[in-house]
Each structure stands twice: as structure tokens, then as C-alpha cells.
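Shown next: structure_15.tsv, given as TSV, C-alpha atoms and all ligand atoms.
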```tsv
chain	number	residue	atom	x	y	z
A	1	MET	CA	143.40	74.56	56.07
A	2	PRO	CA	143.86	76.27	52.65
A	3	LYS	CA	144.50	79.99	52.66
A	4	LEU	CA	144.03	83.00	50.47
A	5	LEU	CA	146.50	85.86	50.86
A	6	LEU	CA	144.94	88.87	49.27
A	7	LEU	CA	146.34	92.34	48.72
A	8	ARG	CA	146.07	95.54	46.75
A	9	HIS	CA	149.20	96.62	44.82
A	10	GLY	CA	151.64	99.15	46.32
A	11	GLN	CA	151.24	102.88	45.72
A	12	SER	CA	151.08	103.75	42.00
A	13	GLN	CA	152.03	106.98	40.27
A	14	TYR	CA	148.33	107.93	40.00
A	15	ASN	CA	147.67	107.04	43.67
A	16	GLN	CA	150.43	109.50	44.53
A	17	GLU	CA	148.98	112.17	42.22
A	18	SER	CA	145.42	111.43	43.40
A	19	ARG	CA	144.13	110.70	39.87
A	20	PHE	CA	141.52	108.17	38.77
A	21	CYS	CA	143.48	105.30	37.30
A	22	GLY	CA	141.37	102.26	36.40
A	23	TRP	CA	142.95	100.53	33.38
A	24	ILE	CA	145.67	103.13	32.76
A	25	ASN	CA	148.90	101.20	33.09
A	26	VAL	CA	150.93	103.46	35.40
A	27	PRO	CA	154.01	102.22	37.31
A	28	LEU	CA	154.57	101.83	41.04
A	29	THR	CA	156.26	104.70	42.87
A	30	ASP	CA	159.36	104.04	45.01
A	31	THR	CA	156.99	104.05	48.00
A	32	GLY	CA	154.87	101.43	46.22
A	33	LYS	CA	157.91	99.20	45.68
A	34	GLU	CA	158.84	99.63	49.33
A	35	GLN	CA	155.30	98.66	50.37
A	36	ALA	CA	155.61	95.49	48.26
A	37	ARG	CA	158.89	94.63	50.01
A	38	SER	CA	157.32	95.26	53.44
A	39	SER	CA	154.36	93.02	52.54
A	40	ALA	CA	156.78	90.25	51.63
A	41	GLU	CA	158.68	90.74	54.90
A	42	LEU	CA	155.43	90.49	56.81
A	43	ILE	CA	154.38	87.34	54.94
A	44	LYS	CA	157.81	85.84	55.69
A	45	THR	CA	157.81	86.67	59.40
A	46	ASP	CA	154.23	86.78	60.67
A	47	PRO	CA	153.49	83.57	62.64
A	48	LEU	CA	150.17	83.27	60.75
A	49	THR	CA	151.86	83.11	57.34
A	50	SER	CA	155.57	82.33	57.76
A	51	LYS	CA	155.08	78.56	57.55
A	52	ILE	CA	152.55	78.58	54.73
A	53	PRO	CA	153.77	77.34	51.35
A	54	ILE	CA	152.20	79.42	48.58
A	55	HIS	CA	151.26	77.26	45.59
A	56	LEU	CA	149.88	79.74	43.10
A	57	THR	CA	149.99	83.49	42.49
A	58	VAL	CA	147.30	85.31	40.53
A	59	THR	CA	147.41	88.91	39.42
A	60	SER	CA	146.00	91.36	36.89
A	61	ARG	CA	147.28	92.63	33.52
A	62	LEU	CA	148.30	95.98	35.04
A	63	GLN	CA	151.93	96.57	35.90
A	64	ARG	CA	151.26	98.05	39.35
A	65	ALA	CA	149.88	94.65	40.44
A	66	VAL	CA	152.28	92.53	38.37
A	67	VAL	CA	155.36	94.36	39.70
A	68	THR	CA	154.03	94.17	43.28
A	69	SER	CA	153.63	90.39	42.91
A	70	ASN	CA	157.10	90.06	41.33
A	71	ILE	CA	158.69	91.98	44.20
A	72	ILE	CA	156.88	89.77	46.73
A	73	LEU	CA	157.84	86.55	44.95
A	74	GLU	CA	161.47	87.65	44.68
A	75	SER	CA	161.57	88.65	48.35
A	76	ILE	CA	160.12	85.33	49.51
A	77	ASP	CA	162.47	83.49	47.16
A	78	ARG	CA	159.65	82.01	45.06
A	79	LEU	CA	160.25	83.42	41.57
A	80	ASP	CA	159.76	79.85	40.31
A	81	MET	CA	156.05	79.94	41.15
A	82	ASP	CA	153.22	79.65	38.61
A	83	VAL	CA	151.66	83.06	38.08
A	84	VAL	CA	148.32	83.43	36.32
A	85	LYS	CA	147.52	86.90	34.96
A	86	SER	CA	144.05	87.92	33.89
A	87	TRP	CA	142.13	91.06	32.93
A	88	ARG	CA	139.42	89.75	35.25
A	89	LEU	CA	141.63	90.87	38.17
A	90	ASN	CA	142.13	94.37	36.69
A	91	GLU	CA	141.02	97.45	38.58
A	92	ARG	CA	137.46	98.66	37.93
A	93	HIS	CA	137.37	100.58	34.64
A	94	TYR	CA	136.88	104.20	35.66
A	95	GLY	CA	135.49	105.26	32.25
A	96	SER	CA	135.90	108.91	31.29
A	97	LEU	CA	137.25	109.73	34.78
A	98	GLN	CA	140.48	107.83	34.05
A	99	GLY	CA	143.54	110.09	34.13
A	100	LEU	CA	141.70	113.01	35.81
A	101	LYS	CA	142.50	114.50	39.22
A	102	LYS	CA	140.04	113.26	41.84
A	103	ASN	CA	139.67	116.66	43.45
A	104	ASP	CA	138.84	118.29	40.08
A	105	ILE	CA	135.98	115.80	39.66
A	106	LEU	CA	134.80	116.50	43.21
A	107	GLN	CA	134.78	120.27	42.53
A	108	LYS	CA	133.00	119.85	39.21
A	109	TYR	CA	130.27	117.35	40.18
A	110	GLY	CA	129.98	117.62	44.00
A	111	GLN	CA	130.67	115.09	46.76
A	112	GLU	CA	127.50	113.02	46.33
A	113	LYS	CA	128.18	112.19	42.67
A	114	PHE	CA	131.92	111.79	43.39
A	115	MET	CA	131.28	109.22	46.12
A	116	PHE	CA	128.56	107.52	44.04
A	117	TRP	CA	131.10	106.90	41.27
A	118	ARG	CA	133.82	105.85	43.71
A	119	ARG	CA	131.96	103.63	46.13
A	120	GLN	CA	128.37	102.73	45.35
A	121	TYR	CA	127.66	99.20	44.24
A	122	ASN	CA	125.86	100.41	41.12
A	123	GLY	CA	127.95	103.56	40.68
A	124	CYS	CA	129.14	103.43	37.07
A	125	PRO	CA	131.23	106.39	35.86
A	126	PRO	CA	130.50	107.89	32.42
A	127	GLU	CA	131.84	105.84	29.48
A	128	SER	CA	135.34	106.42	28.11
A	129	ASP	CA	135.83	108.08	24.78
A	130	VAL	CA	137.39	105.15	22.91
A	131	ASP	CA	139.53	107.52	20.80
A	132	SER	CA	141.07	109.25	23.82
A	133	GLU	CA	144.66	108.73	24.96
A	134	PHE	CA	143.26	107.45	28.28
A	135	TYR	CA	141.66	104.47	26.48
A	136	ARG	CA	144.87	103.29	24.74
A	137	ASP	CA	145.96	100.96	27.56
A	138	THR	CA	142.49	99.36	27.58
A	139	LEU	CA	142.81	98.55	23.87
A	140	LYS	CA	146.30	97.13	24.41
A	141	ILE	CA	145.09	94.83	27.20
A	142	ALA	CA	142.15	93.80	24.99
A	143	GLU	CA	144.62	92.82	22.27
A	144	PHE	CA	147.03	90.78	24.40
A	145	ASP	CA	144.80	89.06	26.95
A	146	ASN	CA	143.59	85.92	25.11
A	147	ASP	CA	140.35	85.67	27.05
A	148	LEU	CA	139.47	89.29	26.27
A	149	ALA	CA	140.69	89.06	22.66
A	150	GLU	CA	138.27	86.15	22.17
A	151	HIS	CA	135.39	88.04	23.78
A	152	PRO	CA	135.70	91.63	22.51
A	153	SER	CA	132.19	92.46	23.69
A	154	LEU	CA	133.52	92.18	27.27
A	155	VAL	CA	136.04	95.04	26.83
A	156	PRO	CA	134.71	97.68	29.25
A	157	LYS	CA	134.22	101.40	28.62
A	158	CYS	CA	133.35	101.91	32.31
A	159	GLU	CA	132.38	99.64	35.22
A	160	SER	CA	130.45	99.65	38.48
A	161	LEU	CA	131.43	97.31	41.34
A	162	LYS	CA	128.48	95.12	40.34
A	163	MET	CA	129.98	94.74	36.85
A	164	VAL	CA	133.40	93.91	38.35
A	165	ILE	CA	131.84	91.13	40.44
A	166	LYS	CA	130.22	89.69	37.31
A	167	ARG	CA	133.48	89.55	35.28
A	168	LEU	CA	135.49	88.38	38.29
A	169	LYS	CA	133.26	85.42	39.22
A	170	PRO	CA	134.38	82.99	36.46
A	171	PHE	CA	138.05	83.58	37.38
A	172	TRP	CA	137.25	83.21	41.06
A	173	GLU	CA	135.43	79.91	40.46
A	174	ASN	CA	137.73	78.37	37.83
A	175	VAL	CA	141.16	79.48	39.03
A	176	ILE	CA	141.31	80.79	42.61
A	177	TYR	CA	138.58	78.77	44.30
A	178	ALA	CA	139.40	75.69	42.19
A	179	SER	CA	142.94	75.78	43.67
A	180	ILE	CA	141.68	76.39	47.19
A	181	LYS	CA	139.38	73.36	46.85
A	182	GLU	CA	142.49	71.33	45.99
A	183	LYS	CA	143.89	72.51	49.36
A	184	LYS	CA	146.33	74.92	47.72
A	185	ASN	CA	147.30	78.29	49.18
A	186	VAL	CA	146.85	81.21	46.79
A	187	LEU	CA	148.42	84.67	46.72
A	188	CYS	CA	146.22	87.19	44.91
A	189	VAL	CA	147.77	90.58	44.14
A	190	THR	CA	145.14	92.85	42.68
A	191	HIS	CA	143.38	96.22	43.00
A	192	GLY	CA	141.15	98.04	45.49
A	193	SER	CA	137.85	97.36	43.72
A	194	VAL	CA	138.73	93.72	43.05
A	195	VAL	CA	139.59	93.14	46.72
A	196	ARG	CA	136.20	94.70	47.57
A	197	ALA	CA	134.52	92.48	44.98
A	198	LEU	CA	136.22	89.32	46.30
A	199	LEU	CA	135.28	90.13	49.90
A	200	THR	CA	131.69	90.71	48.73
A	201	ILE	CA	131.62	87.27	47.08
A	202	LEU	CA	133.27	85.51	50.03
A	203	TYR	CA	131.39	87.14	52.91
A	204	GLU	CA	128.14	87.89	51.07
A	205	LEU	CA	128.45	91.58	51.94
A	206	SER	CA	125.42	93.80	51.38
A	207	GLU	CA	125.61	96.77	49.00
A	208	ASP	CA	125.68	99.02	52.04
A	209	GLU	CA	128.54	97.14	53.72
A	210	VAL	CA	130.75	97.16	50.65
A	211	GLU	CA	130.09	100.86	50.08
A	212	HIS	CA	132.01	101.59	53.30
A	213	LEU	CA	134.94	99.34	52.52
A	214	ASN	CA	138.29	100.96	51.60
A	215	ILE	CA	141.36	98.91	50.78
A	216	PRO	CA	144.85	100.23	51.60
A	217	ASN	CA	147.88	99.70	49.33
A	218	GLY	CA	150.19	96.77	50.02
A	219	MET	CA	148.57	95.41	53.19
A	220	PRO	CA	148.08	91.62	53.15
A	221	ILE	CA	144.76	90.09	54.19
A	222	LEU	CA	144.64	86.47	55.32
A	223	ILE	CA	141.58	84.30	54.74
A	224	ASP	CA	141.46	80.73	56.10
A	225	PHE	CA	139.09	78.23	54.50
A	226	ASP	CA	137.39	75.58	56.59
A	227	ASP	CA	138.57	72.12	55.45
A	228	SER	CA	135.12	70.59	55.41
A	229	THR	CA	132.81	73.41	54.26
A	230	MET	CA	135.45	75.14	52.10
A	231	LYS	CA	133.96	78.44	53.24
A	232	PRO	CA	135.99	81.24	54.87
A	233	LYS	CA	136.44	80.61	58.60
A	234	GLY	CA	134.82	83.17	60.89
A	235	ASN	CA	132.72	86.06	59.74
A	236	SER	CA	135.49	88.45	58.73
A	237	TRP	CA	138.89	88.67	57.09
A	238	LYS	CA	142.16	89.47	58.93
A	239	TYR	CA	144.76	92.05	57.97
A	240	LEU	CA	148.25	90.99	59.07
A	241	GLU	CA	148.61	94.56	60.41
A	242	PRO	CA	145.06	95.48	61.46
A	243	GLU	CA	145.80	98.79	63.20
A	244	ARG	CA	147.86	100.20	60.35
A	245	ALA	CA	145.35	98.90	57.80
A	246	LYS	CA	142.58	100.87	59.53
A	247	ILE	CA	144.57	104.12	59.34
A	248	GLU	CA	145.57	103.57	55.71
A	249	ALA	CA	142.00	102.62	54.71
A	250	GLU	CA	140.78	105.94	56.10
A	251	ARG	CA	143.39	107.71	53.95
A	252	VAL	CA	142.03	105.88	50.89
A	253	ARG	CA	138.47	106.88	51.78
A	254	ASN	CA	139.50	110.54	51.94
A	255	ASP	CA	141.44	110.47	48.66
A	256	GLY	CA	140.49	113.47	46.55
A	257	LEU	CA	138.34	115.11	49.23
A	258	HIS	CA	140.90	117.83	49.90
A	259	GLN	CA	142.97	119.86	47.45
B	1	LIG	O1	141.73	103.17	39.90
B	1	LIG	C1	141.93	104.01	40.79
B	1	LIG	O2	141.82	105.25	40.61
B	1	LIG	C2	142.35	103.57	42.18
B	1	LIG	O3	143.18	102.50	42.13
B	1	LIG	C3	141.17	103.30	43.05
B	1	LIG	O4	140.61	104.50	43.28
B	1	LIG	P1	139.39	104.73	44.29
B	1	LIG	O5	139.90	104.45	45.68
B	1	LIG	O6	139.02	106.17	44.06
B	1	LIG	O7	138.30	103.78	43.85
```

Show this structure as C-alpha cells.
Ligand SMILES: O=C(O)[C@H](O)COP(=O)(O)O
Amino acid sequence: MPKLLLLRHGQSQYNQESRFCGWINVPLTDTGKEQARSSAELIKTDPLTSKIPIHLTVTSRLQRAVVTSNIILESIDRLDMDVVKSWRLNERHYGSLQGLKKNDILQKYGQEKFMFWRRQYNGCPPESDVDSEFYRDTLKIAEFDNDLAEHPSLVPKCESLKMVIKRLKPFWENVIYASIKEKKNVLCVTHGSVVRALLTILYELSEDEVEHLNIPNGMPILIDFDDSTMKPKGNSWKYLEPERAKIEAERVRNDGLHQ
């Protein structure tokens, strides 16, 4: 039964500072690195995953995900593994909110608008100013990711979850799902919005269901695929640590709500 191990990167500098991050290429904090090591430990020891050979790792172009995957691969002694990196696994582009403190945006625009931008399926933040310092990392990724360099019209200035699903689908079909169909196990280390987007694709979540989904840092999710239908088994995904994931997801939901 092929498997997908899916997780959000460990805590980043902007997670710690409660700032909108998107495509700004901030590093992991020490806590984030520790979370990556704990994820690896869990993958190595949990009876559901300890015997599973991982065949392919996929991650984004942002260092918080790349470093999380490197730490995991080093900890499970699989630095030899093929790793595919793509902008299509990048966090949702948070437009002109990138770099700003979440609570400042809440105070300025109110909770309804704040949560619309953070969680609604069609919630697209205002566009980035392409000359601003907060757009520099976007331009750098656009230059060095071949796929994006060849399709400059795809470089985002802001994104809703709906837009993330659209740009993610080709990578899902051609890389992740293509490997799963060959009975390979895939590790995908990505970002909160991309995990939400993948779960929406896999479980056909409604706009309302995905609006209430919050993804904690560094907590592996296991998805088994049925050998004959090649669809996810059961009607939901499994966190390796479900109780802790619930608590941490609530913390993510409340990010920025208090000063
Ligand atoms: O890009 C970001 O700011 C975070 O990684 C996700 O933030 P959110 O939980 O506010 O969407």
C-alpha cells in the first residue's frame, strides 16, 4: 500500500514573530530545527511508519521547508534520496501582507477581513508592490526555478487557496501522484496552505471544511493509498501524534488574534 507522509516545515523566524511570511525566505528557528528532528524520530519509531522505505522526497523552494526536509533525511539516514524542489509547493503568496505583523493587520482591518485573507478559499490578500523589499525573494525564486523562469506569467503577486490548488495540481499529478501510482512512498515537506490544498484535492473537501483546517508545524500526517483504487484509504488523514496535533492546530488558528 503506497503512502504519502506529509508535513508542514518546523517553526520559522516569522512564525515565531507572528508575521505573514508567504514567499519571504526566512530561516527555521532552533525550535523549528528541533521539531524537524522530532518528526524524524517519530517517523523512525512509530509502528505505522518505521518499516516504510521512503522513495522520494518533494519540497518547496523556501529554506524553511528545504532545511526541515534535510534534517529529516539526515536523521533517518537517507541523505542519498532523490529530492525534487518546486515553487509549486511554496507557501501561498501573502501579497502585500508579507513581512507584516499579523496582529497589526488584525487591528487595522478587523477580524472578519483578517480571517478572510488567512482562511477563506477565495480570500486573496492585496497584491504585493513588486518594488518592495518584501518582493525580492519572490523575484529570486522566479529567476532560479526553471519551471517559473519559463512561465513568468505564473509568478504570483498574491494568492488565494483556490489559486494555490490550481498551481499545485500539475505537480501533484506529474510528480507526487505519479510516484504513488508506481507504488512508491513519498515524503512531502511543505507549508500550511499547501498541506490544506493537498488535503482538499485528496479528500474533496468543501470550501467550508478547508476554511476550518489549521496545520501545525512539524507534525507528520500519514495517508495510505488503496492498492486497487489508488485513492486515500478511509475518509480522513492520520497525524502520527493526533492529540498534540489538535492542540498545535488550535495555536495556529489563533495566531495573530492576541497582541
Ligand atoms: O506564510 C505564513 O505567514 C504562514 O506560514 C502561514 O500563515 P497563516 O497560518 O496565517 O496562513

What are the closest atom pairs, with distances in Å to one decimal, for all residues of chain A lying within 6 Å of ligand LIG 1 (chain B)? Consider only C-alpha atoms and all ligand atoms, order rows by chain and residue number, and present the result as a Markdown table.
```
| residue | atom | partner | partner_atom | distance |
| --- | --- | --- | --- | --- |
| A:Arg19 | CA | B:LIG1 | O2 | 6.0 |
| A:Phe20 | CA | B:LIG1 | O2 | 3.5 |
| A:Cys21 | CA | B:LIG1 | O2 | 3.7 |
| A:Gly22 | CA | B:LIG1 | O1 | 3.6 |
| A:Glu91 | CA | B:LIG1 | O1 | 5.9 |
| A:Arg118 | CA | B:LIG1 | O7 | 4.9 |
| A:Gly192 | CA | B:LIG1 | C3 | 5.8 |
| A:Val252 | CA | B:LIG1 | O5 | 5.8 |
```

Tell me which protein, DNA and RNA residues are within 9 Å of Met163 (chain A), counting only C-alpha atoms, leaving out same-chain ones fewer than 3 positions away, and put them as a count of residues only. 9

Using only C-alpha atoms, the shortest atom-to-atom distance to Ser132 (chain A) among A:Leu148, A:Ile54, A:Leu97, A:Cys188 belongs to A:Leu97

When distances are computed from all atoms listed in the file, which of A:Arg119, A:Lys33, A:His55, A:Arg61 shows the smallest separation from Leu89 (chain A)?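 Of A:Arg119, A:Lys33, A:His55, A:Arg61, the one nearest Leu89 (chain A), counting all atoms listed in the file, is A:Arg61.
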
For Asp147 (chain A): contacts at 9 Å, all atoms listed in the file, fewer than 5 positions along chain excluded, given as a ChimeraX atom specification: /A:86-87,142,152

Selection: 6 Å around Lys3 (chain A), only C-alpha atoms, excl. self and same-chain fewer than 5 positions, as a PDB file with C-alpha atoms, in the frame of the given file:
```
ATOM      1  CA  ASN A 185     147.300  78.290  49.180  1.00  0.00           C
ATOM      2  CA  ILE A 223     141.580  84.300  54.740  1.00  0.00           C
ATOM      3  CA  ASP A 224     141.460  80.730  56.100  1.00  0.00           C
ATOM      4  CA  PHE A 225     139.090  78.230  54.500  1.00  0.00           C
TER       5      PHE A 225
END
```

Selection near Thr57 (chain A), 9 Å with all atoms listed in the file, sequence-local residues under 6 positions removed, as a CSV table (one decimal) with C-alpha atoms, in the frame of the given file:
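That gives us selection04.csv:
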```csv
chain,number,residue,atom,x,y,z
A,69,SER,CA,153.6,90.4,42.9
A,73,LEU,CA,157.8,86.6,45.0
A,81,MET,CA,156.0,79.9,41.2
A,82,ASP,CA,153.2,79.6,38.6
A,83,VAL,CA,151.7,83.1,38.1
A,84,VAL,CA,148.3,83.4,36.3
A,85,LYS,CA,147.5,86.9,35.0
A,185,ASN,CA,147.3,78.3,49.2
A,186,VAL,CA,146.8,81.2,46.8
A,187,LEU,CA,148.4,84.7,46.7
A,188,CYS,CA,146.2,87.2,44.9
A,189,VAL,CA,147.8,90.6,44.1
```

Pick out the closest residue to Phe116 (chain A) from this set: A:Leu161, A:Leu48, A:Ile72, A:Ile221. Count all atoms listed in the file. A:Leu161

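Among A:Ser206, A:Ser96, A:Asn70, A:Thr49, the residue with the shortest atom-to-atom distance to His9 (chain A), counting all atoms listed in the file, is A:Asn70.
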